[in-house]
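Enquirer: Dropping in data09.txt, which is compact mmCIF, C-alpha atoms:
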# COMPACT_ATOMS: atom_id res chain seq x y z
CA MET J 1 -4.29 33.55 36.05
CA THR J 2 -1.28 34.44 33.93
CA ASP J 3 1.86 35.62 35.76
CA TYR J 4 3.55 38.31 33.70
CA SER J 5 6.15 39.29 36.30
CA ASN J 6 8.84 37.33 34.47
CA ALA J 7 7.97 38.52 30.97
CA PRO J 8 11.21 39.70 29.27
CA GLU J 9 10.07 43.28 28.75
CA LEU J 10 8.97 43.55 32.40
CA LYS J 11 12.16 41.99 33.73
CA ALA J 12 14.12 44.59 31.77
CA SER J 13 12.19 47.50 33.32
CA LEU J 14 13.65 49.66 36.09
CA LEU J 15 10.90 48.99 38.62
CA GLY J 16 12.32 47.83 41.94
CA LYS J 17 15.93 48.46 40.89
CA ALA J 18 18.48 50.98 42.15
CA THR J 19 18.67 53.71 39.52
CA GLU J 20 20.73 56.78 38.75
CA TYR J 21 18.56 59.90 38.46
CA LYS J 22 19.58 62.05 35.51
CA ASP J 23 18.77 65.74 35.57
CA SER J 24 19.44 66.53 31.91
CA TYR J 25 16.68 66.02 29.36
CA ASP J 26 16.70 62.44 28.06
CA PRO J 27 13.66 61.00 26.22
CA SER J 28 15.39 57.63 25.92
CA LEU J 29 14.53 57.03 29.59
CA LEU J 30 10.90 56.30 28.66
CA TYR J 31 10.23 52.56 28.80
CA PRO J 32 7.14 51.29 26.91
CA ILE J 33 5.28 48.14 27.96
CA ALA J 34 2.77 46.46 25.63
CA ARG J 35 -0.84 46.61 26.75
CA LYS J 36 -1.25 43.27 24.97
CA LEU J 37 0.43 41.45 27.88
CA ASN J 38 -2.63 41.75 30.08
CA ARG J 39 -5.26 41.80 27.37
CA ASP J 40 -4.35 38.33 26.18
CA ASP J 41 -5.21 36.99 29.63
CA LEU J 42 -8.56 38.79 29.50
CA GLN J 43 -9.17 37.43 25.99
CA ILE J 44 -9.43 40.97 24.64
CA ASP J 45 -8.86 41.34 20.91
CA GLU J 46 -6.58 44.34 20.34
CA ARG J 47 -8.21 44.85 16.94
CA ALA J 48 -11.72 45.15 18.42
CA LEU J 49 -11.53 46.47 21.99
CA PRO J 50 -14.75 46.01 24.00
CA PHE J 51 -14.29 49.47 25.52
CA LYS J 52 -13.14 53.00 24.81
CA GLY J 53 -11.35 55.30 27.20
CA GLU J 54 -8.14 56.88 28.37
CA ASP J 55 -5.56 56.89 31.11
CA ILE J 56 -5.09 60.25 32.82
CA TRP J 57 -1.81 60.67 34.67
CA THR J 58 -1.02 63.64 36.91
CA GLY J 59 2.59 64.66 37.47
CA TYR J 60 3.21 66.78 40.56
CA GLU J 61 7.02 66.96 40.58
CA LEU J 62 7.91 68.79 37.37
CA SER J 63 10.57 71.47 37.02
CA TRP J 64 12.91 72.90 34.39
CA LEU J 65 15.05 76.01 33.83
CA ASN J 66 14.05 79.04 31.78
CA PRO J 67 16.59 80.54 29.30
CA LYS J 68 18.13 82.57 32.15
CA GLY J 69 18.61 79.48 34.31
CA LYS J 70 15.75 80.26 36.71
CA PRO J 71 13.80 77.17 37.89
CA GLN J 72 10.17 76.82 36.81
CA VAL J 73 7.60 74.43 38.29
CA ALA J 74 4.29 73.04 37.10
CA VAL J 75 1.73 70.28 37.54
CA ALA J 76 1.05 68.23 34.41
CA THR J 77 -1.76 66.06 33.13
CA PHE J 78 -0.97 63.39 30.55
CA THR J 79 -3.82 61.71 28.67
CA PHE J 80 -3.09 58.40 26.93
CA PRO J 81 -5.75 56.78 24.70
CA CYS J 82 -6.56 53.22 25.75
CA GLN J 83 -6.05 52.18 22.12
CA SER J 84 -2.32 52.91 22.35
CA PRO J 85 -0.22 49.76 21.75
CA ASP J 86 1.97 50.60 24.75
CA ILE J 87 1.86 52.19 28.17
CA ILE J 88 4.80 53.85 29.93
CA GLU J 89 6.34 52.00 32.85
CA SER J 90 5.83 54.34 35.80
CA LYS J 91 9.38 54.50 37.15
CA SER J 92 10.78 55.29 33.72
CA PHE J 93 8.16 58.06 33.47
CA LYS J 94 9.40 59.50 36.77
CA LEU J 95 13.01 59.32 35.58
CA TYR J 96 12.05 61.03 32.33
CA LEU J 97 10.30 63.90 34.15
CA ASN J 98 13.28 64.24 36.48
CA SER J 99 15.55 64.69 33.47
CA PHE J 100 13.98 68.10 32.83
CA ASN J 101 15.28 69.51 36.13
CA GLN J 102 18.52 71.08 34.87
CA SER J 103 17.49 71.53 31.24
CA ARG J 104 16.64 74.92 29.73
CA PHE J 105 13.49 75.52 27.70
CA GLU J 106 12.25 78.69 26.04
CA SER J 107 8.76 78.52 27.54
CA ILE J 108 6.19 76.37 29.31
CA GLN J 109 4.68 75.73 25.87
CA ALA J 110 8.02 74.33 24.67
CA VAL J 111 8.09 71.91 27.62
CA GLN J 112 4.50 70.85 26.95
CA GLN J 113 5.15 70.27 23.25
CA THR J 114 8.35 68.33 23.97
CA MET J 115 6.59 66.00 26.40
CA ALA J 116 3.66 65.41 24.03
CA LYS J 117 6.06 64.54 21.21
CA ASP J 118 8.17 62.16 23.33
CA LEU J 119 5.24 60.36 24.96
CA SER J 120 3.37 60.02 21.67
CA ALA J 121 6.43 58.46 20.07
CA ALA J 122 7.01 56.09 22.99
CA THR J 123 3.41 54.82 23.08
CA GLN J 124 2.73 54.99 19.33
CA SER J 125 -0.33 57.14 19.97
CA ASP J 126 -1.54 60.72 20.31
CA VAL J 127 -0.78 61.75 23.90
CA GLN J 128 -2.23 65.02 25.20
CA VAL J 129 -0.16 67.03 27.71
CA THR J 130 -1.34 70.07 29.69
CA LEU J 131 0.83 72.01 32.15
CA TYR J 132 -0.60 74.07 34.99
CA GLY J 133 1.14 76.67 37.09
CA PRO J 134 1.28 76.31 40.89
CA GLU J 135 -1.42 79.00 41.26
CA ASP J 136 -3.98 77.08 39.18
CA TYR J 137 -5.72 75.65 42.23
CA GLN J 138 -9.15 75.28 40.62
CA HIS J 139 -7.95 72.39 38.45
CA PHE J 140 -6.93 70.25 41.44
CA ALA J 141 -9.64 70.72 44.05
CA ALA J 142 -10.99 67.59 45.73
CA THR J 143 -14.54 66.66 44.76
CA ALA J 144 -17.14 64.14 45.86
CA LEU J 145 -17.48 61.00 43.80
CA PRO J 146 -20.84 60.65 42.01
CA GLY J 147 -23.51 58.15 42.92
CA GLN J 148 -24.01 55.87 45.91
CA CYS J 149 -21.09 54.80 48.09
CA ILE J 150 -21.31 51.07 48.83
CA ASP J 151 -18.56 51.02 51.48
CA GLU J 152 -20.95 51.22 54.45
CA LEU J 153 -22.63 47.90 53.61
CA ASP J 154 -22.43 45.60 56.64
CA ILE J 155 -20.80 42.59 55.00
CA THR J 156 -18.49 39.80 56.09
CA VAL J 157 -15.31 39.57 54.01
CA ASP J 158 -12.98 36.58 53.88
CA THR J 159 -11.60 36.72 50.33
CA TYR J 160 -8.59 38.90 49.48
CA GLU J 161 -7.47 37.09 46.33
CA LEU J 162 -9.08 38.17 43.09
CA THR J 163 -12.35 36.23 42.68
CA PRO J 164 -14.55 37.28 39.74
CA SER J 165 -17.15 34.67 40.72
CA LEU J 166 -18.08 36.89 43.69
CA LEU J 167 -19.93 39.15 41.27
CA ARG J 168 -23.64 38.38 40.90
CA LEU J 169 -26.85 40.12 40.01
CA ALA J 170 -29.41 41.34 42.53
CA ASP J 171 -32.16 38.86 43.32
CA ASP J 172 -34.78 40.72 41.27
CA ALA J 173 -32.22 41.82 38.61
CA GLN J 174 -34.46 44.62 37.37
CA GLN J 175 -33.20 46.90 34.63
CA VAL J 176 -31.62 49.92 36.29
CA GLU J 177 -29.30 52.83 35.65
CA GLN J 178 -26.95 53.21 38.61
CA THR J 179 -23.79 55.04 39.60
CA LEU J 180 -21.89 53.39 42.47
CA HIS J 181 -18.51 54.10 44.02
CA SER J 182 -16.11 52.63 46.54
CA HIS J 183 -12.94 53.84 48.22
CA LEU J 184 -11.83 50.30 49.15
CA LEU J 185 -10.01 49.28 45.98
CA LYS J 186 -6.43 48.21 46.64
CA SER J 187 -4.12 46.27 44.37
CA ASN J 188 -0.36 45.82 44.20
CA CYS J 189 2.27 46.68 41.62
CA LEU J 190 2.87 43.78 39.26
CA ILE J 191 6.66 44.00 39.68
CA THR J 192 7.41 45.45 43.13
CA SER J 193 4.23 44.40 45.01
CA GLN J 194 4.00 47.92 46.45
CA PRO J 195 0.40 48.76 47.39
CA ASP J 196 -1.73 50.83 45.01
CA TRP J 197 -4.74 52.56 46.60
CA ALA J 198 -7.76 53.82 44.66
CA SER J 199 -11.35 54.92 44.65
CA VAL J 200 -13.49 53.60 41.81
CA VAL J 201 -16.70 54.78 40.13
CA ILE J 202 -18.92 52.30 38.30
CA ARG J 203 -21.85 53.56 36.25
CA TYR J 204 -23.97 51.13 34.28
CA GLN J 205 -27.30 50.55 32.61
CA GLY J 206 -28.59 46.99 32.68
CA PRO J 207 -29.66 44.29 35.14
CA ALA J 208 -29.07 45.38 38.72
CA LEU J 209 -25.84 44.24 40.34
CA CYS J 210 -25.91 42.97 43.91
CA HIS J 211 -24.14 45.75 45.80
CA GLU J 212 -22.78 43.42 48.47
CA SER J 213 -21.29 41.13 45.85
CA LEU J 214 -19.73 44.07 43.99
CA LEU J 215 -18.08 45.32 47.17
CA ARG J 216 -16.70 41.87 48.02
CA TYR J 217 -15.39 41.59 44.45
CA LEU J 218 -13.60 44.96 44.64
CA ILE J 219 -12.08 44.02 48.00
CA SER J 220 -10.82 40.76 46.46
CA PHE J 221 -8.24 42.81 44.51
CA ARG J 222 -6.49 43.50 47.83
CA SER J 223 -3.68 40.96 47.28
CA HIS J 224 -3.78 41.05 43.48
CA ASN J 225 -0.66 42.13 41.55
CA GLU J 226 -1.42 44.06 38.38
CA PHE J 227 -0.90 47.52 36.90
CA HIS J 228 -3.57 50.20 37.42
CA GLU J 229 -4.78 50.12 33.82
CA GLN J 230 -5.00 46.35 33.86
CA CYS J 231 -7.10 46.31 37.03
CA VAL J 232 -9.66 48.69 35.55
CA GLU J 233 -9.91 46.68 32.34
CA ARG J 234 -10.35 43.55 34.42
CA ILE J 235 -13.18 45.14 36.44
CA PHE J 236 -14.84 46.23 33.19
CA THR J 237 -14.62 42.80 31.55
CA ASP J 238 -15.65 40.93 34.73
CA ILE J 239 -18.81 43.04 35.08
CA MET J 240 -19.66 42.53 31.42
CA ALA J 241 -19.11 38.79 31.87
CA CYS J 242 -21.51 38.81 34.83
CA ALA J 243 -24.18 40.51 32.72
CA PRO J 244 -23.97 42.15 29.27
CA MET J 245 -24.70 45.75 30.23
CA GLN J 246 -26.26 48.19 27.80
CA SER J 247 -23.67 50.70 28.94
CA LEU J 248 -20.81 50.59 31.44
CA GLU J 249 -18.19 53.01 32.72
CA VAL J 250 -15.39 52.17 35.15
CA TYR J 251 -13.14 54.98 36.41
CA ALA J 252 -10.46 54.51 39.08
CA ARG J 253 -8.65 57.36 40.79
CA TYR J 254 -5.39 56.01 42.23
CA THR J 255 -3.37 57.84 44.85
CA ARG J 256 0.01 59.12 43.80
CA ARG J 257 3.34 57.36 44.16
CA GLY J 258 6.67 58.85 43.11
CA GLY J 259 4.96 62.13 42.22
CA LEU J 260 2.51 60.51 39.78
CA ASP J 261 -1.09 59.35 40.00
CA ILE J 262 -2.77 57.18 37.35
CA ASN J 263 -6.48 57.33 36.62
CA PRO J 264 -7.78 54.82 34.03
CA TYR J 265 -11.22 55.20 32.48
CA ARG J 266 -12.97 52.51 30.40
CA ALA J 267 -16.45 52.81 28.91
CA THR J 268 -18.69 51.23 26.32
CA HIS J 269 -19.67 54.51 24.69
CA SER J 270 -17.16 57.26 25.44
CA ASP J 271 -13.53 57.95 24.55
CA LYS J 272 -13.26 60.77 27.09
CA THR J 273 -13.75 60.61 30.83
CA LEU J 274 -17.26 61.71 31.72
CA PHE J 275 -16.53 62.21 35.44
CA ASP J 276 -14.82 65.42 36.51
CA VAL J 277 -13.74 64.17 39.93
CA ARG J 278 -10.71 64.13 42.17
CA ILE J 279 -10.48 62.31 45.51
CA ASN J 280 -9.05 64.01 48.58
CA ARG J 281 -6.46 61.22 48.94
CA GLN J 282 -4.77 62.44 45.76
Would you encode the structure as structure tokens?
Expert:
Amino acid sequence: MTDYSNAPELKASLLGKATEYKDSYDPSLLYPIARKLNRDDLQIDERALPFKGEDIWTGYELSWLNPKGKPQVAVATFTFPCQSPDIIESKSFKLYLNSFNQSRFESIQAVQQTMAKDLSAATQSDVQVTLYGPEDYQHFAATALPGQCIDELDITVDTYELTPSLLRLADDAQQVEQTLHSHLLKSNCLITSQPDWASVVIRYQGPALCHESLLRYLISFRSHNEFHEQCVERIFTDIMACAPMQSLEVYARYTRRGGLDINPYRATHSDKTLFDVRINRQ
């Protein structure tokens, strides 16, 4: 498997490095990383992606000053299309958001428009930004994940290095439509090796997957170093390699780190996330 940790653009990122936190608005802090780095390893053609989807980030530590100098706070959602040439390196995103702290803006709409413009320019795509006030509780309530949880299967596990060959079809391999989920997905940051924790929903139509094999496969990410978006695209492509599904959706909800959570969604038929869910660990 390709090791991208020493790629020039990753080595130049701020992940894992001591950094000065600026508190004055500075869009130059945003650091793009090409999605192509991982997709080459997965043999994904950027000109004909095998999936659609988006990455939904939530920012919990956002503040700025109004024209009178009074602090304002909000929670933000940022939606990046999976077709964007670049993603934003997470630490640079945090530094960028921090740069709003002592900067004055006319309104919450001005902040939202500024962020959408900066992030769209950095990723060469149309990024959607929505800001919520601290009283907008209904948008951030924990929900149950859809479908059957496979975590209670009584299995023996001895593989914690990514092993796609663990995936196999059920013995009868009948055509089914299933929604499964697991809370046992863990991977590590590609650069810092810090742990990334997630719950994942997999909905598909096609030959039945062996649930035990799927759970072992997801657990095999436990020592794997890769970005959140890359892990979800790998799960998608590995399942499709196991059996060409008529339809497939993979949606991971990662817990937050540094005031941000990242939630990638990949699907055969939908650009927009079809699951309105939020885990209690977020």
Enquirer: Ranking J:Leu162, J:Cys231, J:Val157, J:Val73 by minimum distance to Arg216 of chain J and counting all atoms listed in the file, which one comes first?
Expert: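 Selected residue with least distance to Arg216 of chain J: J:Val157.
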Enquirer: Between atom CA of Lys94 of chain J and atom CA of Arg257 of chain J, what is the distance in Å, rounded to a tenth?
Expert: 9.8 Å
Enquirer: Using all atoms listed in the file, can you tell me which of J:Thr159, J:Thr192, J:Gln205, J:Thr130 comes closest to Asn225 of chain J?
Expert: J:Thr192
Enquirer: Nearest residue to Ala241 of chain J out of J:Leu274, J:Leu185, J:Leu153, J:Leu42, using only C-alpha atoms?
Expert: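 Using only C-alpha atoms, the shortest distance to Ala241 of chain J belongs to J:Leu42.
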Enquirer: Please report, as a Markdown table, each residue of segment 230-258 of chain J lying at most 6 Å from segment 196-199 of chain J, together with the nearest pair of atoms and the separation in Å rounded to one decimal; use all atoms listed in the file, and order rows by chain and ascending residue number.
Expert:
| residue | atom | partner | partner_atom | distance |
| --- | --- | --- | --- | --- |
| J:Ala252 | CA | J:Ser199 | CA | 5.7 |
| J:Arg253 | CA | J:Ser199 | CA | 5.3 |
| J:Tyr254 | CA | J:Ala198 | CA | 4.0 |
| J:Thr255 | CA | J:Trp197 | CA | 5.7 |
Enquirer: Pick out the residues sitting within 8 Å of segment 268-271 of chain J, and hand them over as an NGL selection string; count all atoms listed in the file, and ignore anything fewer than 5 positions along from it in its own chain.
Expert: :J and (50-54 or 81 or 247-249)
Enquirer: What are the closest atom pairs, with distances in Å to one decimal, for each residue of segment 69-108 of chain J lying within 9 Å of segment 124-128 of chain J, using only C-alpha atoms, rows by chain and rising residue number, as JSON lines?
Expert:
{"residue": "J:Thr77", "atom": "CA", "partner": "J:Gln128", "partner_atom": "CA", "distance": 8.0}
{"residue": "J:Phe78", "atom": "CA", "partner": "J:Gln128", "partner_atom": "CA", "distance": 5.7}
{"residue": "J:Thr79", "atom": "CA", "partner": "J:Gln128", "partner_atom": "CA", "distance": 5.1}
{"residue": "J:Phe80", "atom": "CA", "partner": "J:Val127", "partner_atom": "CA", "distance": 5.1}
{"residue": "J:Pro81", "atom": "CA", "partner": "J:Val127", "partner_atom": "CA", "distance": 7.1}
{"residue": "J:Gln83", "atom": "CA", "partner": "J:Ser125", "partner_atom": "CA", "distance": 7.9}
{"residue": "J:Ser84", "atom": "CA", "partner": "J:Ser125", "partner_atom": "CA", "distance": 5.2}
{"residue": "J:Pro85", "atom": "CA", "partner": "J:Gln124", "partner_atom": "CA", "distance": 6.5}
{"residue": "J:Asp86", "atom": "CA", "partner": "J:Gln124", "partner_atom": "CA", "distance": 7.0}
Enquirer: Quick one: of J:Cys82, J:Ile108, J:Leu167, J:Cys149, who's nearest to Tyr132 of chain J, counting only C-alpha atoms?
Expert: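 Closest candidate: J:Ile108.
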Enquirer: Interatomic distance between atom CA of Pro71 of chain J and atom CA of Pro134 of chain J?
Expert: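 Separating atom CA of Pro71 of chain J from atom CA of Pro134 of chain J is a distance of 12.9 Å.
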Enquirer: Residues within 7 Å of Gln102 of chain J, please, as an MDAnalysis selection string. Count all atoms listed in the file; anything in the same chain fewer than 4 positions from it doesn't count.
Expert: chainID J and resid 23:24 64:65
Enquirer: Taking the partial coordinates given, rebuild segment 65-81 of chain J to contain N, CA and C atoms; return it as an mmCIF file, in the frame of the given file.
Expert:
data_model
loop_
_atom_site.group_PDB
_atom_site.id
_atom_site.type_symbol
_atom_site.label_atom_id
_atom_site.label_comp_id
_atom_site.auth_asym_id
_atom_site.auth_seq_id
_atom_site.Cartn_x
_atom_site.Cartn_y
_atom_site.Cartn_z
ATOM 1 N N LEU J 65 14.431 74.689 33.756
ATOM 2 C CA LEU J 65 15.050 76.010 33.830
ATOM 3 C C LEU J 65 14.586 76.852 32.645
ATOM 4 N N ASN J 66 14.341 78.148 32.896
ATOM 5 C CA ASN J 66 14.050 79.040 31.780
ATOM 6 C C ASN J 66 15.362 79.451 31.103
ATOM 7 N N PRO J 67 15.341 80.210 30.010
ATOM 8 C CA PRO J 67 16.590 80.540 29.300
ATOM 9 C C PRO J 67 17.627 81.255 30.156
ATOM 10 N N LYS J 68 17.203 81.900 31.258
ATOM 11 C CA LYS J 68 18.130 82.570 32.150
ATOM 12 C C LYS J 68 18.606 81.675 33.292
ATOM 13 N N GLY J 69 18.183 80.417 33.277
ATOM 14 C CA GLY J 69 18.610 79.480 34.310
ATOM 15 C C GLY J 69 17.753 79.483 35.551
ATOM 16 N N LYS J 70 16.630 80.189 35.540
ATOM 17 C CA LYS J 70 15.750 80.260 36.710
ATOM 18 C C LYS J 70 14.808 79.056 36.717
ATOM 19 N N PRO J 71 14.693 78.333 37.838
ATOM 20 C CA PRO J 71 13.800 77.170 37.890
ATOM 21 C C PRO J 71 12.334 77.559 37.705
ATOM 22 N N GLN J 72 11.608 76.705 36.996
ATOM 23 C CA GLN J 72 10.170 76.820 36.810
ATOM 24 C C GLN J 72 9.527 75.536 37.319
ATOM 25 N N VAL J 73 8.292 75.625 37.811
ATOM 26 C CA VAL J 73 7.600 74.430 38.290
ATOM 27 C C VAL J 73 6.190 74.404 37.715
ATOM 28 N N ALA J 74 5.645 73.204 37.625
ATOM 29 C CA ALA J 74 4.290 73.040 37.100
ATOM 30 C C ALA J 74 3.726 71.707 37.551
ATOM 31 N N VAL J 75 2.416 71.566 37.417
ATOM 32 C CA VAL J 75 1.730 70.280 37.540
ATOM 33 C C VAL J 75 1.249 69.916 36.146
ATOM 34 N N ALA J 76 1.390 68.652 35.768
ATOM 35 C CA ALA J 76 1.050 68.230 34.410
ATOM 36 C C ALA J 76 -0.020 67.162 34.419
ATOM 37 N N THR J 77 -0.877 67.185 33.399
ATOM 38 C CA THR J 77 -1.760 66.060 33.130
ATOM 39 C C THR J 77 -1.367 65.457 31.787
ATOM 40 N N PHE J 78 -1.332 64.136 31.757
ATOM 41 C CA PHE J 78 -0.970 63.390 30.550
ATOM 42 C C PHE J 78 -2.126 62.442 30.242
ATOM 43 N N THR J 79 -2.672 62.537 29.045
ATOM 44 C CA THR J 79 -3.820 61.710 28.670
ATOM 45 C C THR J 79 -3.423 60.758 27.553
ATOM 46 N N PHE J 80 -3.466 59.456 27.873
ATOM 47 C CA PHE J 80 -3.090 58.400 26.930
ATOM 48 C C PHE J 80 -4.355 57.681 26.465
ATOM 49 N N PRO J 81 -4.585 57.551 25.166
ATOM 50 C CA PRO J 81 -5.750 56.780 24.700
ATOM 51 C C PRO J 81 -5.578 55.300 25.019
#
